[in-house]
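Peer 1: Sharing upload-v8.pdb (PDB, C-alpha atoms) below.
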```pdb
ATOM      1  CA  MET A1356      31.394   3.592 -21.130
ATOM      2  CA  ALA A1357      32.991   5.433 -18.220
ATOM      3  CA  ARG A1358      30.950   3.486 -15.677
ATOM      4  CA  SER A1359      32.090   0.119 -16.963
ATOM      5  CA  GLN A1360      35.695   1.268 -16.935
ATOM      6  CA  GLY A1361      35.302   2.468 -13.355
ATOM      7  CA  ALA A1362      33.718  -0.836 -12.324
ATOM      8  CA  ALA A1363      36.502  -2.765 -14.048
ATOM      9  CA  LEU A1364      39.074  -0.643 -12.241
ATOM     10  CA  ASP A1365      37.332  -1.268  -8.892
ATOM     11  CA  ARG A1366      37.295  -5.023  -9.564
ATOM     12  CA  LYS A1367      40.969  -4.912 -10.471
ATOM     13  CA  LYS A1368      41.782  -3.071  -7.223
ATOM     14  CA  LEU A1369      39.749  -5.588  -5.210
ATOM     15  CA  MET A1370      41.437  -8.587  -6.805
ATOM     16  CA  ALA A1371      44.844  -7.018  -6.148
ATOM     17  CA  ASP A1372      44.180  -7.165  -2.385
ATOM     18  CA  PRO A1373      44.323 -10.852  -1.372
ATOM     19  CA  ILE A1374      43.412 -10.187   2.272
ATOM     20  CA  MET A1375      40.172  -8.464   1.272
ATOM     21  CA  VAL A1376      39.258 -11.238  -1.178
ATOM     22  CA  THR A1377      40.008 -13.906   1.435
ATOM     23  CA  THR A1378      37.915 -12.055   4.035
ATOM     24  CA  ILE A1379      34.971 -11.770   1.657
ATOM     25  CA  VAL A1380      35.177 -15.443   0.714
ATOM     26  CA  VAL A1381      35.402 -16.534   4.369
ATOM     27  CA  LEU A1382      32.446 -14.330   5.351
ATOM     28  CA  ILE A1383      30.298 -15.631   2.494
ATOM     29  CA  THR A1384      31.265 -19.201   3.409
ATOM     30  CA  PHE A1385      30.343 -18.706   7.076
ATOM     31  CA  LEU A1386      27.097 -16.961   6.138
ATOM     32  CA  THR A1387      26.133 -19.819   3.854
ATOM     33  CA  LEU A1388      27.248 -22.585   6.183
ATOM     34  CA  PHE A1389      25.857 -21.300   9.478
ATOM     35  CA  ILE A1390      22.817 -19.215   8.453
ATOM     36  CA  LEU A1391      21.540 -19.950   4.960
ATOM     37  CA  TYR A1392      22.001 -23.739   4.991
ATOM     38  CA  PRO A1393      20.222 -24.332   8.350
ATOM     39  CA  LEU A1394      17.377 -22.025   7.290
ATOM     40  CA  ALA A1395      17.001 -23.895   4.008
ATOM     41  CA  ILE A1396      16.948 -27.259   5.809
ATOM     42  CA  LEU A1397      14.351 -25.942   8.265
ATOM     43  CA  LEU A1398      12.190 -24.627   5.438
ATOM     44  CA  VAL A1399      12.369 -27.880   3.481
ATOM     45  CA  ASP A1400      11.659 -29.985   6.586
ATOM     46  CA  SER A1401       8.608 -27.876   7.427
ATOM     47  CA  PHE A1402       6.967 -28.573   4.061
ATOM     48  CA  VAL A1403       8.188 -32.086   3.200
ATOM     49  CA  SER A1404       7.187 -35.172   5.186
ATOM     50  CA  ASP A1405       6.808 -38.901   4.569
ATOM     51  CA  LYS A1406       3.570 -38.180   2.664
ATOM     52  CA  GLY A1407       5.233 -35.656   0.352
ATOM     53  CA  LEU A1408       4.508 -31.938   0.216
ATOM     54  CA  THR A1409       2.225 -31.020   3.122
ATOM     55  CA  PHE A1410       1.152 -28.211   5.459
ATOM     56  CA  ASP A1411       0.497 -30.535   8.441
ATOM     57  CA  ILE A1412       3.211 -28.997  10.611
ATOM     58  CA  PHE A1413       1.788 -25.508  10.095
ATOM     59  CA  LYS A1414      -1.759 -26.728  10.837
ATOM     60  CA  ARG A1415      -0.537 -28.336  14.070
ATOM     61  CA  ILE A1416       1.333 -25.175  15.106
ATOM     62  CA  PHE A1417      -1.584 -22.838  14.321
ATOM     63  CA  ASN A1418      -3.929 -25.056  16.367
ATOM     64  CA  MET A1419      -1.861 -24.435  19.516
ATOM     65  CA  PRO A1420      -3.507 -21.684  21.585
ATOM     66  CA  THR A1421      -0.193 -20.458  22.981
ATOM     67  CA  PHE A1422       1.197 -19.962  19.488
ATOM     68  CA  THR A1423      -1.853 -18.105  18.227
ATOM     69  CA  LYS A1424      -1.740 -15.838  21.297
ATOM     70  CA  ALA A1425       1.982 -15.218  20.772
ATOM     71  CA  ILE A1426       1.590 -14.379  17.090
ATOM     72  CA  THR A1427      -1.413 -12.136  17.841
ATOM     73  CA  ASN A1428       0.491 -10.242  20.531
ATOM     74  CA  THR A1429       3.534  -9.953  18.272
ATOM     75  CA  LEU A1430       1.435  -8.462  15.465
ATOM     76  CA  LYS A1431      -0.299  -6.069  17.885
ATOM     77  CA  VAL A1432       3.035  -4.865  19.281
ATOM     78  CA  GLY A1433       4.476  -4.546  15.783
ATOM     79  CA  PHE A1434       1.591  -2.449  14.466
ATOM     80  CA  LEU A1435       1.403  -0.226  17.541
ATOM     81  CA  VAL A1436       5.159   0.321  17.700
ATOM     82  CA  GLY A1437       5.256   1.045  13.961
ATOM     83  CA  ILE A1438       2.535   3.679  14.229
ATOM     84  CA  LEU A1439       4.008   5.280  17.369
ATOM     85  CA  SER A1440       7.521   5.285  15.888
ATOM     86  CA  ALA A1441       6.288   6.949  12.713
ATOM     87  CA  LEU A1442       4.498   9.623  14.744
ATOM     88  CA  ILE A1443       7.494  10.269  16.987
ATOM     89  CA  GLY A1444       9.791  10.360  13.944
ATOM     90  CA  LEU A1445       7.441  12.830  12.254
ATOM     91  CA  LEU A1446       7.487  14.994  15.378
ATOM     92  CA  PHE A1447      11.283  14.904  15.535
ATOM     93  CA  ALA A1448      11.554  15.749  11.818
ATOM     94  CA  TYR A1449       9.123  18.644  12.229
ATOM     95  CA  VAL A1450      11.064  20.039  15.187
ATOM     96  CA  GLU A1451      14.369  19.604  13.349
ATOM     97  CA  VAL A1452      13.180  21.498  10.270
ATOM     98  CA  TYR A1453      10.697  24.099  11.483
ATOM     99  CA  VAL A1454      11.404  24.917  15.148
ATOM    100  CA  ARG A1455      14.147  27.394  15.953
ATOM    101  CA  MET A1456      16.231  26.446  18.964
ATOM    102  CA  ASN A1457      19.255  28.007  20.566
ATOM    103  CA  LYS A1458      22.596  26.302  20.145
ATOM    104  CA  PHE A1459      22.524  24.308  23.400
ATOM    105  CA  VAL A1460      18.961  22.991  23.036
ATOM    106  CA  GLY A1461      19.475  22.234  19.338
ATOM    107  CA  GLY A1462      22.648  20.280  20.074
ATOM    108  CA  LEU A1463      20.961  18.419  22.914
ATOM    109  CA  PHE A1464      18.014  17.614  20.643
ATOM    110  CA  LYS A1465      20.347  16.185  17.994
ATOM    111  CA  VAL A1466      22.136  14.023  20.563
ATOM    112  CA  VAL A1467      18.843  12.715  21.969
ATOM    113  CA  SER A1468      17.499  12.001  18.492
ATOM    114  CA  MET A1469      20.630  10.011  17.573
ATOM    115  CA  LEU A1470      20.749   8.057  20.844
ATOM    116  CA  PRO A1471      18.573   5.109  19.706
ATOM    117  CA  VAL A1472      20.803   4.641  16.678
ATOM    118  CA  VAL A1473      24.067   4.363  18.579
ATOM    119  CA  SER A1474      22.959   2.627  21.790
ATOM    120  CA  PRO A1475      22.434  -1.133  21.789
ATOM    121  CA  PRO A1476      18.815  -2.255  22.257
ATOM    122  CA  PHE A1477      19.480  -4.091  25.522
ATOM    123  CA  VAL A1478      20.643  -0.868  27.215
ATOM    124  CA  LEU A1479      17.152   0.633  26.982
ATOM    125  CA  SER A1480      15.559  -2.615  28.176
ATOM    126  CA  LEU A1481      17.895  -2.851  31.142
ATOM    127  CA  SER A1482      17.406   0.793  32.065
ATOM    128  CA  MET A1483      13.606   0.360  31.867
ATOM    129  CA  ILE A1484      13.813  -2.574  34.268
ATOM    130  CA  MET A1485      16.166  -0.761  36.654
ATOM    131  CA  LEU A1486      14.036   2.397  36.701
ATOM    132  CA  PHE A1487      10.477   1.037  36.552
ATOM    133  CA  GLY A1488      10.746  -2.661  37.578
ATOM    134  CA  LYS A1489       9.633  -4.175  40.889
ATOM    135  CA  ALA A1490      12.767  -2.863  42.608
ATOM    136  CA  GLY A1491      13.159   0.115  40.295
ATOM    137  CA  VAL A1492      14.569   3.419  41.421
ATOM    138  CA  ILE A1493      11.531   5.420  40.302
ATOM    139  CA  THR A1494       8.767   2.969  41.186
ATOM    140  CA  ARG A1495       9.995   1.758  44.573
ATOM    141  CA  PHE A1496      12.071   4.584  45.964
ATOM    142  CA  LEU A1497      10.484   7.711  44.496
ATOM    143  CA  LEU A1498       6.836   6.676  44.093
ATOM    144  CA  GLY A1499       6.600   3.893  46.684
ATOM    145  CA  ILE A1500       4.962   1.419  44.248
ATOM    146  CA  TYR A1501       5.804  -2.196  45.121
ATOM    147  CA  ASP A1502       3.646  -4.222  42.703
ATOM    148  CA  ASN A1503       4.690  -2.747  39.353
ATOM    149  CA  SER A1504       5.573  -4.971  36.390
ATOM    150  CA  VAL A1505       7.217  -3.772  33.192
ATOM    151  CA  TYR A1506       7.308  -7.209  31.609
ATOM    152  CA  GLY A1507       3.857  -7.078  30.003
ATOM    153  CA  TYR A1508       2.462  -5.769  26.747
ATOM    154  CA  TRP A1509       2.866  -2.043  27.512
ATOM    155  CA  GLY A1510       6.387  -2.489  28.834
ATOM    156  CA  ILE A1511       7.430  -4.082  25.549
ATOM    157  CA  VAL A1512       5.690  -1.349  23.545
ATOM    158  CA  ILE A1513       7.455   1.406  25.529
ATOM    159  CA  VAL A1514      10.862  -0.221  25.206
ATOM    160  CA  GLN A1515      10.415  -0.802  21.483
TER
END
```
Can you dump the structure from the file as structure tokens?

Peer 2:
Amino acid sequence: MARSQGAALDRKKLMADPIMVTTIVVLITFLTLFILYPLAILLVDSFVSDKGLTFDIFKRIFNMPTFTKAITNTLKVGFLVGILSALIGLLFAYVEVYVRMNKFVGGLFKVVSMLPVVSPPFVLSLSMIMLFGKAGVITRFLLGIYDNSVYGYWGIVIVQ
């Protein structure tokens, strides 16, 4: 009984704020108009043709060698990154719970462990290119390597 009264009170508070209601309605409208509707049209167009319900478009796409290579590489990267991320997360959790650290190292560890959450993904990609790319600071200037490429499979796995 108390939960329904609390929910009714929350609804009443929400409806009393016209700016919040208008914002929610506008956001739902934009989401539907610019994301959900085009996705629905794309999905319907991929299954329906002049002959009716068909999988011809998917057969044609899966017969392209470039697409099959792309989907294979994507699945490989996804599985490898998932496994490596789980292992690194397990290591970080173990260190957080069971390893005693002094105040400075513990604080530094917490900052480093939260860094991927707060930094945008492109920052890591850009820093990887600037440090280890063809004209990277580490590869060219420190190690003297001039033919390095970070744009392949292992570069994507490391950045992910």

Peer 1: Hey, can you check how far CA of Pro1471 in chain A sits from CA of Gln1515 in chain A?

Peer 2: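 Atom-to-atom, CA of Pro1471 in chain A and CA of Gln1515 in chain A are spaced 10.2 Å apart.
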
Peer 1: If the PyMOL selection byres ((chain A and resi 1431-1440) around 9) is run on the structure shown, which residues does it catch, given as a VMD selection string?

Peer 2: chain A and resid 1426 to 1430 1441 to 1445 1508 to 1509 1511 to 1513 1515

Peer 1: Atoms to include: C-alpha atoms. Write the selected residues as an mmCIF file, in the coordinates of the input.

Peer 2:
```cif
data_model
loop_
_atom_site.group_PDB
_atom_site.id
_atom_site.type_symbol
_atom_site.label_atom_id
_atom_site.label_comp_id
_atom_site.auth_asym_id
_atom_site.auth_seq_id
_atom_site.Cartn_x
_atom_site.Cartn_y
_atom_site.Cartn_z
ATOM 1 C CA ILE A 1426 1.590 -14.379 17.090
ATOM 2 C CA THR A 1427 -1.413 -12.136 17.841
ATOM 3 C CA ASN A 1428 0.491 -10.242 20.531
ATOM 4 C CA THR A 1429 3.534 -9.953 18.272
ATOM 5 C CA LEU A 1430 1.435 -8.462 15.465
ATOM 6 C CA ALA A 1441 6.288 6.949 12.713
ATOM 7 C CA LEU A 1442 4.498 9.623 14.744
ATOM 8 C CA ILE A 1443 7.494 10.269 16.987
ATOM 9 C CA GLY A 1444 9.791 10.360 13.944
ATOM 10 C CA LEU A 1445 7.441 12.830 12.254
ATOM 11 C CA TYR A 1508 2.462 -5.769 26.747
ATOM 12 C CA TRP A 1509 2.866 -2.043 27.512
ATOM 13 C CA ILE A 1511 7.430 -4.082 25.549
ATOM 14 C CA VAL A 1512 5.690 -1.349 23.545
ATOM 15 C CA ILE A 1513 7.455 1.406 25.529
ATOM 16 C CA GLN A 1515 10.415 -0.802 21.483
#
```

Peer 1: Enumerate, as number ranges by chain, the residues matched when the PyMOL selection byres ((chain A and resi 1503) around 10) is run on the file above.

Peer 2: A: 1487-1491, 1494-1495, 1500-1502, 1504-1506

Peer 1: At a cut-off of 12 Å, using only C-alpha atoms, what residues contact range 1449-1456 of chain A? Leave out same-chain residues fewer than 5 positions from it and give the result as a list in words.

Peer 2: Leu1442, Ile1443, Gly1444, Gly1461, Gly1462, Leu1463, Phe1464, Lys1465, Val1466, Val1467 and Ser1468 of chain A

Peer 1: Which residue out of A:Val1514, A:Ala1395, A:Leu1408, A:Met1370 has the minimum interatomic distance to Leu1479 in chain A when all atoms listed in the file are used?

Peer 2: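 Smallest distance to Leu1479 in chain A is found for A:Val1514.
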
Peer 1: Give me, please, the distance in Å between CA of Ser1401 in chain A and CA of Phe1417 in chain A, quoted to one decimal.

Peer 2: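 Taking CA of Ser1401 in chain A as the start and CA of Phe1417 in chain A as the end point, the length is 13.3 Å.
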
Peer 1: Please measure the separation of CA of Phe1477 in chain A and CA of Ile1493 in chain A, giving the value in Å to one decimal.

Peer 2: 19.3 Å

Peer 1: Neighbouring residues of Phe1413 in chain A were defined as those with any atom within 12 Å, considering all atoms listed in the file; residues of the same chain fewer than 5 positions away were excluded. Please report them as a PyMOL selection string.

Peer 2: chain A and resi 1398+1400-1403+1418-1419+1422-1423

Peer 1: Using the selection just defined, write its residues with C-alpha atoms as a PDB file, in the coordinates of the input.

Peer 2:
```pdb
ATOM      1  CA  LEU A1398      12.190 -24.627   5.438  1.00  0.00           C
ATOM      2  CA  ASP A1400      11.659 -29.985   6.586  1.00  0.00           C
ATOM      3  CA  SER A1401       8.608 -27.876   7.427  1.00  0.00           C
ATOM      4  CA  PHE A1402       6.967 -28.573   4.061  1.00  0.00           C
ATOM      5  CA  VAL A1403       8.188 -32.086   3.200  1.00  0.00           C
ATOM      6  CA  ASN A1418      -3.929 -25.056  16.367  1.00  0.00           C
ATOM      7  CA  MET A1419      -1.861 -24.435  19.516  1.00  0.00           C
ATOM      8  CA  PHE A1422       1.197 -19.962  19.488  1.00  0.00           C
ATOM      9  CA  THR A1423      -1.853 -18.105  18.227  1.00  0.00           C
TER      10      THR A1423
END
```

Peer 1: Would you please work out which residue, of A:Ala1362, A:Ile1412, A:Leu1498, A:Leu1446, is nearest to Val1399 in chain A when using only C-alpha atoms?

Peer 2: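 The answer is A:Ile1412, which sits nearest to Val1399 in chain A.
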